[in-house]
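The file target.cif contains mmCIF, C-alpha atoms:
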data_input
loop_
_atom_site.label_atom_id
_atom_site.label_comp_id
_atom_site.auth_asym_id
_atom_site.auth_seq_id
_atom_site.Cartn_x
_atom_site.Cartn_y
_atom_site.Cartn_z
CA MET A 1 2.23 19.05 8.10
CA VAL A 2 -0.01 16.79 10.15
CA ASP A 3 -3.73 17.37 10.33
CA ASP A 4 -4.47 15.99 13.78
CA SER A 5 -8.01 14.97 14.69
CA ARG A 6 -8.33 13.28 18.03
CA ASP A 7 -11.93 14.28 18.62
CA ASN A 8 -13.19 10.69 18.31
CA ARG A 9 -16.50 11.89 16.90
CA SER A 10 -19.00 9.25 15.94
CA LEU A 11 -18.74 7.85 12.47
CA GLY A 12 -22.39 7.04 12.37
CA THR A 13 -21.68 3.34 12.40
CA SER A 14 -22.09 0.69 15.04
CA GLY A 15 -18.80 -1.01 14.17
CA PRO A 16 -15.28 -0.23 15.36
CA ASP A 17 -13.74 3.12 14.45
CA VAL A 18 -11.16 1.65 12.06
CA ALA A 19 -10.50 1.57 8.32
CA ASN A 20 -9.87 -2.15 7.97
CA LEU A 21 -11.58 -4.74 10.14
CA GLY A 22 -9.02 -7.32 9.06
CA LEU A 23 -10.98 -9.02 6.31
CA VAL A 24 -8.36 -8.18 3.67
CA ARG A 25 -4.94 -7.44 5.19
CA PRO A 26 -2.59 -5.81 2.64
CA PRO A 27 0.63 -7.59 3.72
CA VAL A 28 -1.18 -10.93 3.47
CA VAL A 29 -2.57 -10.02 0.04
CA TYR A 30 0.89 -9.22 -1.31
CA LEU A 31 2.60 -12.19 0.36
CA GLY A 32 -0.10 -14.50 -1.02
CA SER A 33 0.32 -12.94 -4.44
CA ILE A 34 4.09 -13.43 -4.33
CA ALA A 35 3.70 -17.03 -3.14
CA LEU A 36 1.20 -17.84 -5.89
CA GLY A 37 3.42 -16.17 -8.50
CA LEU A 38 6.45 -18.17 -7.35
CA VAL A 39 4.51 -21.45 -7.45
CA LEU A 40 3.28 -20.68 -10.98
CA HIS A 41 6.81 -19.69 -11.97
CA LEU A 42 8.18 -23.00 -10.70
CA LEU A 43 5.50 -24.93 -12.58
CA TRP A 44 5.59 -22.92 -15.84
CA PRO A 45 8.61 -20.62 -16.01
CA ALA A 46 8.09 -17.60 -18.24
CA ARG A 47 10.74 -14.90 -18.47
CA LEU A 48 9.91 -11.26 -18.07
CA VAL A 49 13.18 -9.59 -19.16
CA PRO A 50 16.52 -10.70 -20.65
CA PRO A 51 18.46 -12.64 -17.98
CA PRO A 52 21.44 -10.22 -17.73
CA VAL A 53 19.01 -7.43 -16.85
CA SER A 54 16.91 -9.25 -14.25
CA THR A 55 19.24 -9.29 -11.25
CA PRO A 56 20.60 -5.72 -11.27
CA VAL A 57 17.32 -4.05 -12.26
CA GLY A 58 15.26 -6.25 -9.93
CA ALA A 59 17.60 -5.53 -7.03
CA ILE A 60 17.45 -1.76 -7.61
CA VAL A 61 13.65 -1.73 -7.83
CA THR A 62 13.40 -3.89 -4.71
CA VAL A 63 15.70 -1.58 -2.72
CA LEU A 64 13.70 1.47 -3.86
CA ALA A 65 10.49 -0.21 -2.67
CA ILE A 66 12.02 -0.94 0.74
CA ALA A 67 13.23 2.67 1.04
CA LEU A 68 9.75 3.98 0.22
CA PHE A 69 8.18 1.62 2.77
CA VAL A 70 10.62 2.64 5.52
CA SER A 71 10.08 6.33 4.76
CA ALA A 72 6.28 5.97 4.85
CA VAL A 73 6.34 4.03 8.14
CA ARG A 74 8.70 6.53 9.77
CA THR A 75 6.51 9.41 8.61
CA LEU A 76 3.41 7.83 10.18
CA GLN A 77 5.32 7.09 13.39
CA ALA A 78 6.56 10.69 13.58
CA ALA A 79 2.96 11.88 13.23
CA GLY A 80 1.86 9.58 16.02
CA THR A 81 -0.78 7.78 14.00
CA PRO A 82 -1.04 3.98 13.91
CA ILE A 83 0.14 2.11 10.84
CA PRO A 84 -2.20 -0.90 10.83
CA GLY A 85 -5.63 -0.23 9.32
CA ASN A 86 -7.29 -2.12 12.16
CA ARG A 87 -6.46 0.70 14.58
CA PRO A 88 -8.12 4.15 14.53
CA THR A 89 -6.35 6.74 12.40
CA THR A 90 -5.52 9.84 14.44
CA ALA A 91 -4.12 12.18 11.78
CA ILE A 92 -4.03 13.00 8.11
CA VAL A 93 -0.34 12.95 7.26
CA ARG A 94 0.83 15.29 4.49
CA THR A 95 4.60 15.01 4.88
CA GLY A 96 7.26 12.65 3.54
CA PRO A 97 6.00 10.35 0.80
CA TYR A 98 2.42 11.29 1.73
CA ARG A 99 3.00 14.58 -0.12
CA PHE A 100 3.04 12.60 -3.39
CA SER A 101 0.89 9.53 -2.72
CA ARG A 102 -2.03 8.92 -0.38
CA ASN A 103 -0.99 5.25 -0.22
CA PRO A 104 2.82 5.03 -0.26
CA ILE A 105 2.88 1.80 1.75
CA TYR A 106 0.67 0.00 -0.77
CA LEU A 107 2.70 1.56 -3.55
CA ALA A 108 5.86 0.23 -1.87
CA PHE A 109 4.33 -3.26 -1.62
CA SER A 110 3.47 -3.14 -5.33
CA ILE A 111 6.92 -1.88 -6.32
CA LEU A 112 8.46 -4.58 -4.12
CA GLN A 113 6.57 -7.28 -5.96
CA LEU A 114 7.53 -5.68 -9.28
CA GLY A 115 11.18 -5.73 -8.20
CA ILE A 116 10.94 -9.37 -7.15
CA SER A 117 9.22 -10.16 -10.47
CA ILE A 118 12.12 -8.65 -12.38
CA TRP A 119 14.76 -10.16 -10.08
CA VAL A 120 13.27 -13.67 -10.33
CA ASN A 121 12.49 -12.93 -13.98
CA SER A 122 8.89 -14.13 -13.77
CA VAL A 123 5.87 -13.10 -15.79
CA TRP A 124 3.74 -14.95 -13.23
CA LEU A 125 4.85 -12.72 -10.37
CA LEU A 126 3.91 -9.72 -12.48
CA ALA A 127 0.53 -11.26 -13.35
CA THR A 128 -0.30 -11.99 -9.71
CA LEU A 129 0.73 -8.42 -8.85
CA ALA A 130 -2.09 -7.17 -11.07
CA GLY A 131 -4.59 -9.17 -9.03
CA ALA A 132 -3.15 -8.02 -5.71
CA ALA A 133 -3.14 -4.37 -6.77
CA ALA A 134 -6.75 -4.63 -7.94
CA LEU A 135 -7.82 -6.16 -4.62
CA ILE A 136 -6.01 -3.44 -2.69
CA LEU A 137 -7.49 -0.69 -4.86
CA TYR A 138 -11.09 -1.86 -5.08
CA VAL A 139 -11.49 -3.32 -1.59
CA VAL A 140 -8.91 -1.95 0.85
CA ILE A 141 -8.29 1.59 -0.40
CA ARG A 142 -11.93 2.29 -1.20
CA ARG A 143 -12.92 1.20 2.32
CA GLU A 144 -10.11 3.27 3.85
CA GLU A 145 -11.12 6.34 1.85
CA GLN A 146 -14.73 6.04 3.02
CA TYR A 147 -13.54 5.72 6.61
CA LEU A 148 -11.24 8.76 6.32
CA GLU A 149 -14.00 10.84 4.72
CA ARG A 150 -16.32 10.01 7.63
CA ARG A 151 -13.65 10.58 10.25
CA PHE A 152 -11.99 13.75 8.94
CA GLY A 153 -14.60 15.20 6.56
CA ALA A 154 -13.47 18.24 4.58
CA ARG A 155 -9.87 17.98 5.80
CA TYR A 156 -9.52 14.56 4.17
CA LEU A 157 -11.42 15.62 1.05
CA ASP A 158 -8.97 18.53 0.64
CA TYR A 159 -6.01 16.15 0.98
CA LYS A 160 -7.66 13.66 -1.38
CA ALA A 161 -8.16 16.38 -4.00
CA SER A 162 -4.54 17.56 -3.75
CA VAL A 163 -2.59 14.26 -3.63
CA ARG A 164 -2.81 11.30 -5.97
CA ARG A 165 -3.87 7.88 -4.75
CA TRP A 166 -0.88 5.86 -5.97
CA LEU A 167 1.58 8.29 -7.57
#
As structure tokens:
Amino acid sequence: MVDDSRDNRSLGTSGPDVANLGLVRPPVVYLGSIALGLVLHLLWPARLVPPPVSTPVGAIVTVLAIALFVSAVRTLQAAGTPIPGNRPTTAIVRTGPYRFSRNPIYLAFSILQLGISIWVNSVWLLATLAGAAALILYVVIRREEQYLERRFGARYLDYKASVRRWL
């Protein structure tokens, strides 16, 4: 089910009608986190799991993350709402992975980094994931939730009350 709201009502702000003005872009946060983790791993290698486990488990987790990401993107596309947070959201999507998580794309990014951490067998990649996830949670998601509450009001609050943020 898609809760469509194309009424473009005022949000009571003078800025653009978007959730993320581009100050903290989630793909850049996660890519930066992965890059930093890999640099730290090269400088001070620290294993995360026994070596025979790292490749198969890491590969499986990585593939699951990609599948979740693709499913979330396709669900948003089917609903006709933009994916980037710097474009106005046109609908509250309650289908696909959005039935279980309000943020399946960010969840997929986090699971992807977890999978890479296991695959590369790096504690550092896992440690930098914690920082990336905190930045996404406390900056990006909080801002997006405020935007969606202003834009969709009770419809978003109902969705927010019925579906978890991450899982």
Could you make a table, as JSON lines, of the residues of range 46-125 of chain A that have an atom within 12 Å of an atom of range 138-141 of chain A, each with its nearest atom pair and distance in Å to one decimal, counting only C-alpha atoms, in chain and number order?
{"residue": "A:Gly85", "atom": "CA", "partner": "A:Val140", "partner_atom": "CA", "distance": 9.2}
{"residue": "A:Asn86", "atom": "CA", "partner": "A:Val140", "partner_atom": "CA", "distance": 11.4}
{"residue": "A:Arg102", "atom": "CA", "partner": "A:Ile141", "partner_atom": "CA", "distance": 9.6}
{"residue": "A:Asn103", "atom": "CA", "partner": "A:Ile141", "partner_atom": "CA", "distance": 8.2}
{"residue": "A:Pro104", "atom": "CA", "partner": "A:Ile141", "partner_atom": "CA", "distance": 11.6}
{"residue": "A:Ile105", "atom": "CA", "partner": "A:Ile141", "partner_atom": "CA", "distance": 11.4}
{"residue": "A:Tyr106", "atom": "CA", "partner": "A:Ile141", "partner_atom": "CA", "distance": 9.1}
{"residue": "A:Leu107", "atom": "CA", "partner": "A:Ile141", "partner_atom": "CA", "distance": 11.4}
I'd like the contact shell of Gly58 in chain A - 10 Å cut-off, all atoms listed in the file, skipping same-chain residues fewer than 6 positions apart - returned as a PyMOL selection string.
chain A and resi 64+112-121
Kindly export the residues of the current selection with C-alpha atoms, as an mmCIF file, in the coordinates of the input.
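See selection_29.cif below for the written result:
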data_model
loop_
_atom_site.group_PDB
_atom_site.id
_atom_site.type_symbol
_atom_site.label_atom_id
_atom_site.label_comp_id
_atom_site.auth_asym_id
_atom_site.auth_seq_id
_atom_site.Cartn_x
_atom_site.Cartn_y
_atom_site.Cartn_z
ATOM 1 C CA LEU A 64 13.700 1.470 -3.860
ATOM 2 C CA LEU A 112 8.460 -4.580 -4.120
ATOM 3 C CA GLN A 113 6.570 -7.280 -5.960
ATOM 4 C CA LEU A 114 7.530 -5.680 -9.280
ATOM 5 C CA GLY A 115 11.180 -5.730 -8.200
ATOM 6 C CA ILE A 116 10.940 -9.370 -7.150
ATOM 7 C CA SER A 117 9.220 -10.160 -10.470
ATOM 8 C CA ILE A 118 12.120 -8.650 -12.380
ATOM 9 C CA TRP A 119 14.760 -10.160 -10.080
ATOM 10 C CA VAL A 120 13.270 -13.670 -10.330
ATOM 11 C CA ASN A 121 12.490 -12.930 -13.980
#
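Between Arg94 in chain A and the residues A:Ala59, A:Leu76, A:Leu31, A:Leu42, the shortest atom-to-atom distance, using all atoms listed in the file, involves A:Leu76.
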Quick one: everything within 8 Å of Ile34 in chain A, counting only C-alpha atoms, minus sequence neighbours fewer than 5 positions away in the same chain. Send it as a count of residues only.
4
Selection in question (the file shown): the PyMOL selection byres ((chain A and resi 131) around 12). Which residues does it include, as an mmCIF file with C-alpha atoms, keeping the file's coordinate frame?
data_model
loop_
_atom_site.group_PDB
_atom_site.id
_atom_site.type_symbol
_atom_site.label_atom_id
_atom_site.label_comp_id
_atom_site.auth_asym_id
_atom_site.auth_seq_id
_atom_site.Cartn_x
_atom_site.Cartn_y
_atom_site.Cartn_z
ATOM 1 C CA VAL A 29 -2.570 -10.020 0.040
ATOM 2 C CA TYR A 30 0.890 -9.220 -1.310
ATOM 3 C CA GLY A 32 -0.100 -14.500 -1.020
ATOM 4 C CA SER A 33 0.320 -12.940 -4.440
ATOM 5 C CA ILE A 34 4.090 -13.430 -4.330
ATOM 6 C CA LEU A 36 1.200 -17.840 -5.890
ATOM 7 C CA GLY A 37 3.420 -16.170 -8.500
ATOM 8 C CA SER A 110 3.470 -3.140 -5.330
ATOM 9 C CA GLN A 113 6.570 -7.280 -5.960
ATOM 10 C CA TRP A 124 3.740 -14.950 -13.230
ATOM 11 C CA LEU A 125 4.850 -12.720 -10.370
ATOM 12 C CA LEU A 126 3.910 -9.720 -12.480
ATOM 13 C CA ALA A 127 0.530 -11.260 -13.350
ATOM 14 C CA THR A 128 -0.300 -11.990 -9.710
ATOM 15 C CA LEU A 129 0.730 -8.420 -8.850
ATOM 16 C CA ALA A 130 -2.090 -7.170 -11.070
ATOM 17 C CA ALA A 132 -3.150 -8.020 -5.710
ATOM 18 C CA ALA A 133 -3.140 -4.370 -6.770
ATOM 19 C CA ALA A 134 -6.750 -4.630 -7.940
ATOM 20 C CA LEU A 135 -7.820 -6.160 -4.620
ATOM 21 C CA ILE A 136 -6.010 -3.440 -2.690
ATOM 22 C CA LEU A 137 -7.490 -0.690 -4.860
ATOM 23 C CA TYR A 138 -11.090 -1.860 -5.080
ATOM 24 C CA VAL A 139 -11.490 -3.320 -1.590
#
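Taking CA of Phe152 in chain A and CA of Leu68 in chain A as endpoints, the distance between them is 25.4 Å.
For the residues A:Lys160, A:Arg151, A:Arg25, A:Arg74, ranking by smallest atom-to-atom distance to Gly96 in chain A using all atoms listed in the file places A:Arg74 first.
Among the candidates A:Val123, A:Ala108, A:Leu157, A:Val28, the residue lying nearest to Phe69 in chain A is A:Ala108 (atoms considered: only C-alpha atoms).
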Identify all residues satisfying the PyMOL selection byres ((chain A and resi 148) around 12) in the given file; provide them as a PyMOL selection string.
chain A and resi 5+11+17-20+85+88-93+102+141-147+149-160
For a test of reading the model, state the distance in Å between CA of Ser162 in chain A and CA of Ala72 in chain A, rounded to one decimal.
18.0 Å
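CA of Phe100 in chain A lies 6.5 Å from CA of Arg164 in chain A.
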As JSON, please: the centre and edge lengths in Å, to one decimal, of an axis-aligned box enclosing every listed atom of range 102-112 of chain A with 6 Å added on each side.
{"center_x": 3.2, "center_y": 2.2, "center_z": -2.3, "size_x": 22.5, "size_y": 25.5, "size_z": 20.1}
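For the set A:Thr95, A:Ser101, A:Ala79, A:Pro84, the residue with the smallest atom-to-atom gap to Pro27 in chain A is A:Pro84, counting only C-alpha atoms.
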Starting from the displayed file, determine the output of the PyMOL selection byres ((chain A and resi 47) around 7) and express the residue list as number ranges by chain.
A: 45-46, 48-49, 121-123
Residue subset to file, keeping C-alpha atoms, as a CSV table (one decimal), in the coordinates of the input:
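This went into again.csv:
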chain,number,residue,atom,x,y,z
A,45,PRO,CA,8.6,-20.6,-16.0
A,46,ALA,CA,8.1,-17.6,-18.2
A,48,LEU,CA,9.9,-11.3,-18.1
A,49,VAL,CA,13.2,-9.6,-19.2
A,121,ASN,CA,12.5,-12.9,-14.0
A,122,SER,CA,8.9,-14.1,-13.8
A,123,VAL,CA,5.9,-13.1,-15.8
